[in-house]
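J.: If it helps, the file is called my_file-v6.pdb and holds PDB, C-alpha atoms:
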ATOM      1  CA  MET A   1      50.773  14.357 -93.804  1.00  0.00           C
ATOM      2  CA  GLU A   2      54.066  12.913 -95.034  1.00  0.00           C
ATOM      3  CA  LEU A   3      57.508  12.409 -93.533  1.00  0.00           C
ATOM      4  CA  VAL A   4      59.963  11.924 -96.392  1.00  0.00           C
ATOM      5  CA  VAL A   5      63.331  10.295 -95.724  1.00  0.00           C
ATOM      6  CA  ASP A   6      65.627  10.621 -98.731  1.00  0.00           C
ATOM      7  CA  ARG A   7      68.904   8.633 -98.968  1.00  0.00           C
ATOM      8  CA  LEU A   8      69.575   9.164 -95.259  1.00  0.00           C
ATOM      9  CA  THR A   9      73.149   8.165 -94.367  1.00  0.00           C
ATOM     10  CA  LYS A  10      75.356   8.244 -91.282  1.00  0.00           C
ATOM     11  CA  GLN A  11      78.993   7.225 -91.406  1.00  0.00           C
ATOM     12  CA  TYR A  12      81.464   7.043 -88.507  1.00  0.00           C
ATOM     13  CA  LYS A  13      85.042   6.725 -89.852  1.00  0.00           C
ATOM     14  CA  ASN A  14      85.049   3.221 -91.350  1.00  0.00           C
ATOM     15  CA  LYS A  15      81.533   2.209 -90.274  1.00  0.00           C
ATOM     16  CA  ILE A  16      78.322   3.080 -92.090  1.00  0.00           C
ATOM     17  CA  ALA A  17      75.639   3.038 -89.364  1.00  0.00           C
ATOM     18  CA  VAL A  18      72.779   4.052 -91.690  1.00  0.00           C
ATOM     19  CA  ASP A  19      73.159   3.377 -95.387  1.00  0.00           C
ATOM     20  CA  ARG A  20      71.121   5.522 -97.830  1.00  0.00           C
ATOM     21  CA  ILE A  21      67.658   4.815 -96.433  1.00  0.00           C
ATOM     22  CA  SER A  22      64.729   6.271 -98.351  1.00  0.00           C
ATOM     23  CA  PHE A  23      61.180   5.894 -97.088  1.00  0.00           C
ATOM     24  CA  ASP A  24      57.889   7.830 -96.972  1.00  0.00           C
ATOM     25  CA  PHE A  25      55.969   7.728 -93.685  1.00  0.00           C
ATOM     26  CA  ARG A  26      52.276   8.602 -93.558  1.00  0.00           C
ATOM     27  CA  LYS A  27      49.690   8.331 -90.762  1.00  0.00           C
ATOM     28  CA  GLY A  28      49.885   5.048 -88.878  1.00  0.00           C
ATOM     29  CA  VAL A  29      52.084   2.960 -86.606  1.00  0.00           C
ATOM     30  CA  TYR A  30      55.419   1.771 -87.987  1.00  0.00           C
ATOM     31  CA  GLY A  31      57.181  -0.996 -86.093  1.00  0.00           C
ATOM     32  CA  LEU A  32      60.964  -0.947 -86.560  1.00  0.00           C
ATOM     33  CA  LEU A  33      62.790  -4.194 -85.846  1.00  0.00           C
ATOM     34  CA  GLY A  34      66.499  -5.004 -85.986  1.00  0.00           C
ATOM     35  CA  ALA A  35      69.261  -6.618 -83.980  1.00  0.00           C
ATOM     36  CA  ASN A  36      71.575  -4.555 -81.768  1.00  0.00           C
ATOM     37  CA  GLY A  37      73.905  -2.587 -84.024  1.00  0.00           C
ATOM     38  CA  ALA A  38      71.494  -2.614 -86.976  1.00  0.00           C
ATOM     39  CA  GLY A  39      71.357   1.206 -86.936  1.00  0.00           C
ATOM     40  CA  LYS A  40      67.836   1.702 -85.519  1.00  0.00           C
ATOM     41  CA  THR A  41      68.739   4.249 -82.835  1.00  0.00           C
ATOM     42  CA  THR A  42      71.035   6.199 -85.186  1.00  0.00           C
ATOM     43  CA  PHE A  43      68.236   6.304 -87.763  1.00  0.00           C
ATOM     44  CA  MET A  44      65.688   7.506 -85.212  1.00  0.00           C
ATOM     45  CA  ARG A  45      68.018  10.162 -83.808  1.00  0.00           C
ATOM     46  CA  MET A  46      68.437  11.574 -87.320  1.00  0.00           C
ATOM     47  CA  LEU A  47      64.647  11.563 -87.778  1.00  0.00           C
ATOM     48  CA  CYS A  48      64.470  13.701 -84.626  1.00  0.00           C
ATOM     49  CA  GLY A  49      67.169  16.142 -85.771  1.00  0.00           C
ATOM     50  CA  ILE A  50      69.415  15.209 -82.842  1.00  0.00           C
ATOM     51  CA  LEU A  51      72.080  13.648 -85.025  1.00  0.00           C
ATOM     52  CA  GLN A  52      73.438  15.300 -88.157  1.00  0.00           C
ATOM     53  CA  PRO A  53      73.365  12.943 -91.159  1.00  0.00           C
ATOM     54  CA  THR A  54      76.425  12.428 -93.339  1.00  0.00           C
ATOM     55  CA  GLY A  55      74.139  12.521 -96.352  1.00  0.00           C
ATOM     56  CA  GLY A  56      70.493  12.720 -97.336  1.00  0.00           C
ATOM     57  CA  ASN A  57      67.668  14.590 -95.635  1.00  0.00           C
ATOM     58  CA  VAL A  58      64.413  14.374 -93.676  1.00  0.00           C
ATOM     59  CA  VAL A  59      61.417  16.598 -94.471  1.00  0.00           C
ATOM     60  CA  PHE A  60      57.885  16.694 -93.000  1.00  0.00           C
ATOM     61  CA  ASP A  61      55.262  18.361 -95.223  1.00  0.00           C
ATOM     62  CA  GLY A  62      58.020  20.544 -96.677  1.00  0.00           C
ATOM     63  CA  ILE A  63      59.528  21.370 -93.252  1.00  0.00           C
ATOM     64  CA  ASP A  64      63.208  20.464 -92.823  1.00  0.00           C
ATOM     65  CA  VAL A  65      64.254  18.374 -89.808  1.00  0.00           C
ATOM     66  CA  ALA A  66      66.730  21.049 -88.658  1.00  0.00           C
ATOM     67  CA  THR A  67      64.057  23.712 -88.021  1.00  0.00           C
ATOM     68  CA  GLU A  68      62.194  24.787 -84.891  1.00  0.00           C
ATOM     69  CA  GLU A  69      58.945  24.298 -86.809  1.00  0.00           C
ATOM     70  CA  TYR A  70      59.790  20.602 -87.265  1.00  0.00           C
ATOM     71  CA  ARG A  71      60.605  20.204 -83.560  1.00  0.00           C
ATOM     72  CA  SER A  72      57.232  21.717 -82.668  1.00  0.00           C
ATOM     73  CA  VAL A  73      55.416  18.763 -84.297  1.00  0.00           C
ATOM     74  CA  LEU A  74      57.781  16.100 -82.936  1.00  0.00           C
ATOM     75  CA  GLY A  75      57.465  13.917 -79.836  1.00  0.00           C
ATOM     76  CA  TYR A  76      60.442  11.759 -78.837  1.00  0.00           C
ATOM     77  CA  LEU A  77      61.107   9.124 -76.203  1.00  0.00           C
ATOM     78  CA  PRO A  78      64.776   8.062 -76.374  1.00  0.00           C
ATOM     79  CA  GLN A  79      66.001   4.705 -75.143  1.00  0.00           C
ATOM     80  CA  ASP A  80      67.949   6.372 -72.328  1.00  0.00           C
ATOM     81  CA  PHE A  81      65.329   8.798 -71.123  1.00  0.00           C
ATOM     82  CA  GLY A  82      66.739  11.486 -68.822  1.00  0.00           C
ATOM     83  CA  TYR A  83      64.707  12.866 -65.922  1.00  0.00           C
ATOM     84  CA  TYR A  84      65.248  14.994 -62.808  1.00  0.00           C
ATOM     85  CA  PRO A  85      65.047  12.612 -59.811  1.00  0.00           C
ATOM     86  CA  ASN A  86      64.065  15.293 -57.286  1.00  0.00           C
ATOM     87  CA  PHE A  87      61.225  16.635 -59.408  1.00  0.00           C
ATOM     88  CA  THR A  88      57.755  15.259 -58.822  1.00  0.00           C
ATOM     89  CA  GLY A  89      56.000  13.844 -61.872  1.00  0.00           C
ATOM     90  CA  MET A  90      53.868  16.970 -62.170  1.00  0.00           C
ATOM     91  CA  ASP A  91      56.830  19.333 -61.689  1.00  0.00           C
ATOM     92  CA  PHE A  92      58.707  17.519 -64.433  1.00  0.00           C
ATOM     93  CA  MET A  93      55.798  17.764 -66.869  1.00  0.00           C
ATOM     94  CA  LEU A  94      55.281  21.469 -66.081  1.00  0.00           C
ATOM     95  CA  TYR A  95      59.000  22.136 -66.519  1.00  0.00           C
ATOM     96  CA  LEU A  96      59.059  20.512 -69.971  1.00  0.00           C
ATOM     97  CA  ALA A  97      55.826  22.273 -70.942  1.00  0.00           C
ATOM     98  CA  ALA A  98      57.472  25.599 -70.005  1.00  0.00           C
ATOM     99  CA  LEU A  99      60.477  24.745 -72.194  1.00  0.00           C
ATOM    100  CA  LYS A 100      58.048  24.202 -75.063  1.00  0.00           C
ATOM    101  CA  GLY A 101      56.612  27.663 -74.435  1.00  0.00           C
ATOM    102  CA  PHE A 102      53.183  26.657 -73.115  1.00  0.00           C
ATOM    103  CA  GLY A 103      51.268  29.066 -70.888  1.00  0.00           C
ATOM    104  CA  LYS A 104      50.909  28.047 -67.218  1.00  0.00           C
ATOM    105  CA  LYS A 105      47.184  27.342 -67.356  1.00  0.00           C
ATOM    106  CA  TYR A 106      47.396  25.197 -70.496  1.00  0.00           C
ATOM    107  CA  ALA A 107      50.548  23.432 -69.222  1.00  0.00           C
ATOM    108  CA  ALA A 108      48.831  22.456 -65.965  1.00  0.00           C
ATOM    109  CA  LYS A 109      45.721  21.179 -67.788  1.00  0.00           C
ATOM    110  CA  LYS A 110      47.709  19.221 -70.382  1.00  0.00           C
ATOM    111  CA  SER A 111      50.114  17.731 -67.811  1.00  0.00           C
ATOM    112  CA  LYS A 112      47.207  16.568 -65.652  1.00  0.00           C
ATOM    113  CA  GLU A 113      45.500  14.955 -68.673  1.00  0.00           C
ATOM    114  CA  LEU A 114      48.651  13.127 -69.768  1.00  0.00           C
ATOM    115  CA  LEU A 115      49.545  11.856 -66.303  1.00  0.00           C
ATOM    116  CA  GLU A 116      46.015  10.489 -66.115  1.00  0.00           C
ATOM    117  CA  LEU A 117      46.383   8.936 -69.583  1.00  0.00           C
ATOM    118  CA  VAL A 118      49.495   6.985 -68.497  1.00  0.00           C
ATOM    119  CA  SER A 119      47.964   6.096 -65.094  1.00  0.00           C
ATOM    120  CA  LEU A 120      50.268   8.286 -63.006  1.00  0.00           C
ATOM    121  CA  SER A 121      47.676  10.637 -61.478  1.00  0.00           C
ATOM    122  CA  GLU A 122      48.139   9.159 -57.996  1.00  0.00           C
ATOM    123  CA  ALA A 123      51.932   9.490 -58.266  1.00  0.00           C
ATOM    124  CA  ALA A 124      51.882  13.007 -59.753  1.00  0.00           C
ATOM    125  CA  ASN A 125      53.151  14.607 -56.526  1.00  0.00           C
ATOM    126  CA  LYS A 126      55.750  11.953 -55.723  1.00  0.00           C
ATOM    127  CA  LYS A 127      59.405  12.394 -56.652  1.00  0.00           C
ATOM    128  CA  ILE A 128      60.472  10.591 -59.821  1.00  0.00           C
ATOM    129  CA  LYS A 129      63.352   8.938 -57.965  1.00  0.00           C
ATOM    130  CA  THR A 130      60.728   6.918 -56.040  1.00  0.00           C
ATOM    131  CA  TYR A 131      59.122   5.648 -59.290  1.00  0.00           C
ATOM    132  CA  SER A 132      59.536   2.084 -60.516  1.00  0.00           C
ATOM    133  CA  GLY A 133      61.158   1.471 -63.899  1.00  0.00           C
ATOM    134  CA  GLY A 134      57.752   1.096 -65.517  1.00  0.00           C
ATOM    135  CA  MET A 135      56.502   4.355 -63.991  1.00  0.00           C
ATOM    136  CA  LYS A 136      59.563   6.227 -65.275  1.00  0.00           C
ATOM    137  CA  GLN A 137      58.914   4.816 -68.720  1.00  0.00           C
ATOM    138  CA  ARG A 138      55.291   5.942 -68.530  1.00  0.00           C
ATOM    139  CA  ILE A 139      56.236   9.506 -67.635  1.00  0.00           C
ATOM    140  CA  GLY A 140      58.637   9.371 -70.575  1.00  0.00           C
ATOM    141  CA  ILE A 141      55.713   8.512 -72.813  1.00  0.00           C
ATOM    142  CA  ALA A 142      53.627  11.322 -71.266  1.00  0.00           C
ATOM    143  CA  GLN A 143      56.290  13.982 -71.906  1.00  0.00           C
ATOM    144  CA  ALA A 144      56.619  12.841 -75.528  1.00  0.00           C
ATOM    145  CA  LEU A 145      52.900  13.637 -76.004  1.00  0.00           C
ATOM    146  CA  LEU A 146      52.941  17.135 -74.485  1.00  0.00           C
ATOM    147  CA  ASN A 147      52.731  18.993 -77.796  1.00  0.00           C
ATOM    148  CA  ASP A 148      50.191  16.646 -79.466  1.00  0.00           C
ATOM    149  CA  PRO A 149      52.904  15.553 -81.917  1.00  0.00           C
ATOM    150  CA  LYS A 150      52.244  14.816 -85.564  1.00  0.00           C
ATOM    151  CA  ILE A 151      55.391  12.633 -85.504  1.00  0.00           C
ATOM    152  CA  LEU A 152      55.987  10.414 -82.484  1.00  0.00           C
ATOM    153  CA  VAL A 153      59.319   8.572 -82.295  1.00  0.00           C
ATOM    154  CA  LEU A 154      59.657   5.913 -79.588  1.00  0.00           C
ATOM    155  CA  ASP A 155      62.887   3.994 -78.978  1.00  0.00           C
ATOM    156  CA  GLU A 156      62.310   0.830 -76.890  1.00  0.00           C
ATOM    157  CA  PRO A 157      59.229   2.388 -75.211  1.00  0.00           C
ATOM    158  CA  THR A 158      57.960  -0.754 -73.472  1.00  0.00           C
ATOM    159  CA  ALA A 159      61.206  -1.464 -71.592  1.00  0.00           C
ATOM    160  CA  GLY A 160      60.333  -1.928 -67.921  1.00  0.00           C
ATOM    161  CA  LEU A 161      56.584  -2.178 -68.460  1.00  0.00           C
ATOM    162  CA  ASP A 162      54.743  -5.113 -66.943  1.00  0.00           C
ATOM    163  CA  PRO A 163      52.310  -7.134 -69.149  1.00  0.00           C
ATOM    164  CA  LYS A 164      49.259  -5.099 -68.101  1.00  0.00           C
ATOM    165  CA  GLU A 165      51.050  -1.791 -68.737  1.00  0.00           C
ATOM    166  CA  ARG A 166      52.254  -3.095 -72.099  1.00  0.00           C
ATOM    167  CA  VAL A 167      48.671  -3.779 -73.217  1.00  0.00           C
ATOM    168  CA  ARG A 168      47.605  -0.311 -72.072  1.00  0.00           C
ATOM    169  CA  PHE A 169      50.525   1.212 -73.959  1.00  0.00           C
ATOM    170  CA  ARG A 170      49.695  -0.692 -77.145  1.00  0.00           C
ATOM    171  CA  ASN A 171      46.107   0.602 -77.031  1.00  0.00           C
ATOM    172  CA  LEU A 172      47.338   4.158 -76.526  1.00  0.00           C
ATOM    173  CA  ILE A 173      49.787   3.977 -79.445  1.00  0.00           C
ATOM    174  CA  ALA A 174      47.189   2.416 -81.749  1.00  0.00           C
ATOM    175  CA  GLU A 175      44.876   5.359 -80.959  1.00  0.00           C
ATOM    176  CA  ILE A 176      47.605   7.991 -81.569  1.00  0.00           C
ATOM    177  CA  GLY A 177      48.490   6.309 -84.871  1.00  0.00           C
ATOM    178  CA  LYS A 178      45.051   7.138 -86.272  1.00  0.00           C
ATOM    179  CA  ASP A 179      46.005  10.835 -86.568  1.00  0.00           C
ATOM    180  CA  SER A 180      49.811  10.832 -86.412  1.00  0.00           C
ATOM    181  CA  ILE A 181      52.938   9.137 -87.689  1.00  0.00           C
ATOM    182  CA  VAL A 182      54.214   6.807 -84.947  1.00  0.00           C
ATOM    183  CA  ILE A 183      57.622   5.154 -85.380  1.00  0.00           C
ATOM    184  CA  LEU A 184      58.257   2.547 -82.732  1.00  0.00           C
ATOM    185  CA  SER A 185      61.554   0.699 -82.349  1.00  0.00           C
ATOM    186  CA  THR A 186      61.692  -2.355 -80.111  1.00  0.00           C
ATOM    187  CA  HIS A 187      63.268  -5.769 -79.736  1.00  0.00           C
ATOM    188  CA  ILE A 188      59.941  -7.100 -78.396  1.00  0.00           C
ATOM    189  CA  VAL A 189      58.404  -8.512 -81.573  1.00  0.00           C
ATOM    190  CA  SER A 190      55.004  -9.116 -79.929  1.00  0.00           C
ATOM    191  CA  ASP A 191      54.546  -5.351 -79.350  1.00  0.00           C
ATOM    192  CA  ILE A 192      54.907  -4.718 -83.069  1.00  0.00           C
ATOM    193  CA  GLU A 193      52.777  -7.741 -83.941  1.00  0.00           C
ATOM    194  CA  HIS A 194      49.852  -6.268 -81.986  1.00  0.00           C
ATOM    195  CA  ILE A 195      49.956  -2.603 -83.000  1.00  0.00           C
ATOM    196  CA  ALA A 196      52.045  -1.930 -86.124  1.00  0.00           C
ATOM    197  CA  ASP A 197      50.334  -1.147 -89.419  1.00  0.00           C
ATOM    198  CA  ILE A 198      53.669  -1.358 -91.236  1.00  0.00           C
ATOM    199  CA  VAL A 199      56.630  -3.547 -90.264  1.00  0.00           C
ATOM    200  CA  LEU A 200      60.152  -2.273 -91.005  1.00  0.00           C
ATOM    201  CA  ILE A 201      63.282  -4.398 -90.578  1.00  0.00           C
ATOM    202  CA  MET A 202      66.816  -2.997 -90.482  1.00  0.00           C
ATOM    203  CA  LYS A 203      70.057  -4.921 -90.892  1.00  0.00           C
ATOM    204  CA  ASP A 204      73.592  -3.508 -91.213  1.00  0.00           C
ATOM    205  CA  GLY A 205      72.292   0.044 -91.614  1.00  0.00           C
ATOM    206  CA  GLN A 206      69.872  -0.800 -94.418  1.00  0.00           C
ATOM    207  CA  MET A 207      66.108  -1.160 -94.547  1.00  0.00           C
ATOM    208  CA  ILE A 208      65.835  -4.749 -95.753  1.00  0.00           C
ATOM    209  CA  PHE A 209      62.049  -5.069 -95.449  1.00  0.00           C
ATOM    210  CA  ASP A 210      58.960  -2.879 -95.314  1.00  0.00           C
ATOM    211  CA  GLY A 211      55.447  -4.193 -95.634  1.00  0.00           C
ATOM    212  CA  GLN A 212      51.930  -4.268 -94.235  1.00  0.00           C
ATOM    213  CA  ARG A 213      51.663  -6.380 -91.088  1.00  0.00           C
ATOM    214  CA  GLU A 214      48.579  -8.123 -92.464  1.00  0.00           C
ATOM    215  CA  GLU A 215      50.527  -9.242 -95.554  1.00  0.00           C
ATOM    216  CA  ILE A 216      52.925 -11.295 -93.400  1.00  0.00           C
ATOM    217  CA  LYS A 217      50.996 -14.528 -93.108  1.00  0.00           C
ATOM    218  CA  GLU A 218      53.454 -16.365 -90.849  1.00  0.00           C
ATOM    219  CA  ASP A 219      54.447 -15.745 -87.237  1.00  0.00           C
ATOM    220  CA  LEU A 220      56.154 -12.332 -87.172  1.00  0.00           C
ATOM    221  CA  GLU A 221      59.033 -13.433 -84.944  1.00  0.00           C
ATOM    222  CA  GLN A 222      59.863 -16.333 -87.270  1.00  0.00           C
ATOM    223  CA  PHE A 223      59.591 -14.055 -90.286  1.00  0.00           C
ATOM    224  CA  TYR A 224      61.884 -11.466 -88.670  1.00  0.00           C
ATOM    225  CA  LEU A 225      64.506 -14.049 -87.626  1.00  0.00           C
ATOM    226  CA  LYS A 226      64.621 -15.428 -91.177  1.00  0.00           C
ATOM    227  CA  LYS A 227      65.102 -11.917 -92.584  1.00  0.00           C
ATOM    228  CA  ILE A 228      68.027 -11.025 -90.330  1.00  0.00           C
ATOM    229  CA  GLY A 229      69.488 -14.552 -90.256  1.00  0.00           C
TER     230      GLY A 229
END
Please lay out the structure from this file as structure tokens.
T.:
Amino acid sequence: MELVVDRLTKQYKNKIAVDRISFDFRKGVYGLLGANGAGKTTFMRMLCGILQPTGGNVVFDGIDVATEEYRSVLGYLPQDFGYYPNFTGMDFMLYLAALKGFGKKYAAKKSKELLELVSLSEAANKKIKTYSGGMKQRIGIAQALLNDPKILVLDEPTAGLDPKERVRFRNLIAEIGKDSIVILSTHIVSDIEHIADIVLIMKDGQMIFDGQREEIKEDLEQFYLKKIG
């Protein structure tokens, strides 16, 4: 299992948002850190095939990012996660499962399992507009897992989660990372400190650091601030 990013570039007029990034992702949890404007979201959107690169390419086990086959192994939670406020949690999950082409019986079973996984079983029949910020974020995580993705891309996934939910989320992601590639972008350094196998740091559109978390002997936040300083 390998996600190969080769000289990936995105340029907007006079600004280079992502500058020739090359990296090979394998199974595990990758924590992506960077200040606002570093290019993290642009990079992740290209990994998901949502944004067309100016140059370079993304391939997963020989499958190009632009194909339906690639999308079938991808799970994505964007920073600004859109939902239908008048749908119940279950309706929303079933709707997205239908869009992915799942049969009704399997969709119902999988949706129930995932709502339970993110502790939303009791709110499954309540409208999403009544959910707290943390609950909306949790249903976002659930929908990203609908197709048992081989590649899971999460942009600021712990926004709105309380400390207890954050711990639960970290445990979940650590478990998923055993069999999948998980790329997690956040400004909350402690999330990455607890669950990332590999730490990535972006600055000015470039990947300025990649390394095993265990190899960073000092406090991760201090290390990160020195790198981007």
J.: In Å, rounded to a single decimal, give me how far CA of Thr158 in chain A is from CA of Val189 in chain A.
T.: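 Rounded to one decimal, the two atoms are 11.2 Å apart.
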J.: Step by step, work through what the PyMOL selection byres ((chain A and resi 133) around 12) selects in the shown file, and finish by giving those residues as a ChimeraX atom specification.
T.: /A:80-81,128-132,134-140,157-162,165
J.: Apply the PyMOL selection byres ((chain A and resi 61-66) around 9) to the structure shown and report the selected residues as a PyMOL selection string.
T.: chain A and resi 1-4+46-50+52+57-60+67-71
J.: Please produce an output containing C-alpha atoms for each residue in the selection, written as a short mmCIF file (atom, residue, chain, number, x, y, z; two decimals), keeping the file's coordinate frame.
T.:
data_model
loop_
_atom_site.label_atom_id
_atom_site.label_comp_id
_atom_site.auth_asym_id
_atom_site.auth_seq_id
_atom_site.Cartn_x
_atom_site.Cartn_y
_atom_site.Cartn_z
CA MET A 1 50.77 14.36 -93.80
CA GLU A 2 54.07 12.91 -95.03
CA LEU A 3 57.51 12.41 -93.53
CA VAL A 4 59.96 11.92 -96.39
CA MET A 46 68.44 11.57 -87.32
CA LEU A 47 64.65 11.56 -87.78
CA CYS A 48 64.47 13.70 -84.63
CA GLY A 49 67.17 16.14 -85.77
CA ILE A 50 69.42 15.21 -82.84
CA GLN A 52 73.44 15.30 -88.16
CA ASN A 57 67.67 14.59 -95.64
CA VAL A 58 64.41 14.37 -93.68
CA VAL A 59 61.42 16.60 -94.47
CA PHE A 60 57.88 16.69 -93.00
CA THR A 67 64.06 23.71 -88.02
CA GLU A 68 62.19 24.79 -84.89
CA GLU A 69 58.94 24.30 -86.81
CA TYR A 70 59.79 20.60 -87.26
CA ARG A 71 60.60 20.20 -83.56
#
J.: Within 12 Å of Ile198 in chain A, counting all atoms listed in the file, which residues qualify if same-chain residues fewer than 4 places away don't, as a PyMOL selection string?
T.: chain A and resi 23-33+177+181-184+192-194+209-216+220
J.: Considering only C-alpha atoms, can you say which of A:Arg45, A:Lys15, A:Lys10, A:Arg168 comes closest to Leu117 in chain A?
T.: A:Arg168
J.: Tell me, as a list in words, which residues lie within 6 Å of Leu152 in chain A, counting only C-alpha atoms; anything in the same chain fewer than 4 positions away does not count.
T.: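 Close residues of Leu152 in chain A: Leu74, Gly75, Tyr76 and Val182 of chain A.
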J.: Neighbouring residues of Gly229 in chain A were defined as those with any atom within 12 Å, considering only C-alpha atoms; residues of the same chain fewer than 5 positions away were excluded. Please report them as a CSV table (one decimal) with C-alpha atoms, in the frame of the given file.
T.:
chain,number,residue,atom,x,y,z
A,34,GLY,CA,66.5,-5.0,-86.0
A,35,ALA,CA,69.3,-6.6,-84.0
A,201,ILE,CA,63.3,-4.4,-90.6
A,202,MET,CA,66.8,-3.0,-90.5
A,203,LYS,CA,70.1,-4.9,-90.9
A,204,ASP,CA,73.6,-3.5,-91.2
A,208,ILE,CA,65.8,-4.7,-95.8
A,221,GLU,CA,59.0,-13.4,-84.9
A,222,GLN,CA,59.9,-16.3,-87.3
A,223,PHE,CA,59.6,-14.1,-90.3
A,224,TYR,CA,61.9,-11.5,-88.7
J.: With a distance cut-off of 7 Å and all atoms listed in the file, select the neighbouring residues of Glu156 in chain A, excluding the residue or stretch itself and same-chain residues fewer than 5 positions from it, and output the selection as a PyMOL selection string.
T.: chain A and resi 79+185-186
J.: Please report the interatomic distance between CA of Tyr12 in chain A and CA of Thr54 in chain A in Å with one decimal.
T.: 8.8 Å
J.: Could you tell me how far CA of Ile16 in chain A sits from CA of Gly37 in chain A, in Å to one decimal place?
T.: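 Interatomic distance, CA of Gly37 in chain A to CA of Ile16 in chain A: 10.8 Å.
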J.: List the residues selected by the PyMOL selection byres ((chain A and resi 96) around 12) in the file shown, writing them as JSON, numbers by chain.
T.: {"A": [75, 82, 83, 84, 87, 89, 90, 91, 92, 93, 94, 95, 97, 98, 99, 100, 101, 102, 103, 104, 107, 108, 110, 111, 139, 140, 142, 143, 144, 145, 146, 147]}
J.: Go through A:Leu225, A:Leu51, A:Leu114, A:Ile188 and flag the residue nearest Arg166 in chain A, using only C-alpha atoms for the distances.
T.: A:Ile188
J.: As an MDAnalysis selection string, please: the residues near range 19-22 of chain A (cut-off 8 Å, all atoms listed in the file, same-chain neighbours under 5 positions excluded).
T.: chainID A and resid 4:10 55:56 205:207
J.: Under the rule that only C-alpha atoms are counted, which of A:Lys150, A:Asn171, A:Thr42, A:Val199 is the nearest residue to Val18 in chain A?
T.: A:Thr42
J.: Counting only C-alpha atoms, figure out which residue out of A:Ile151, A:Asp191, A:Leu200, A:Lys227 gets nearest to Lys178 in chain A.
T.: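 Among A:Ile151, A:Asp191, A:Leu200, A:Lys227, it is A:Ile151 that comes nearest to Lys178 in chain A.
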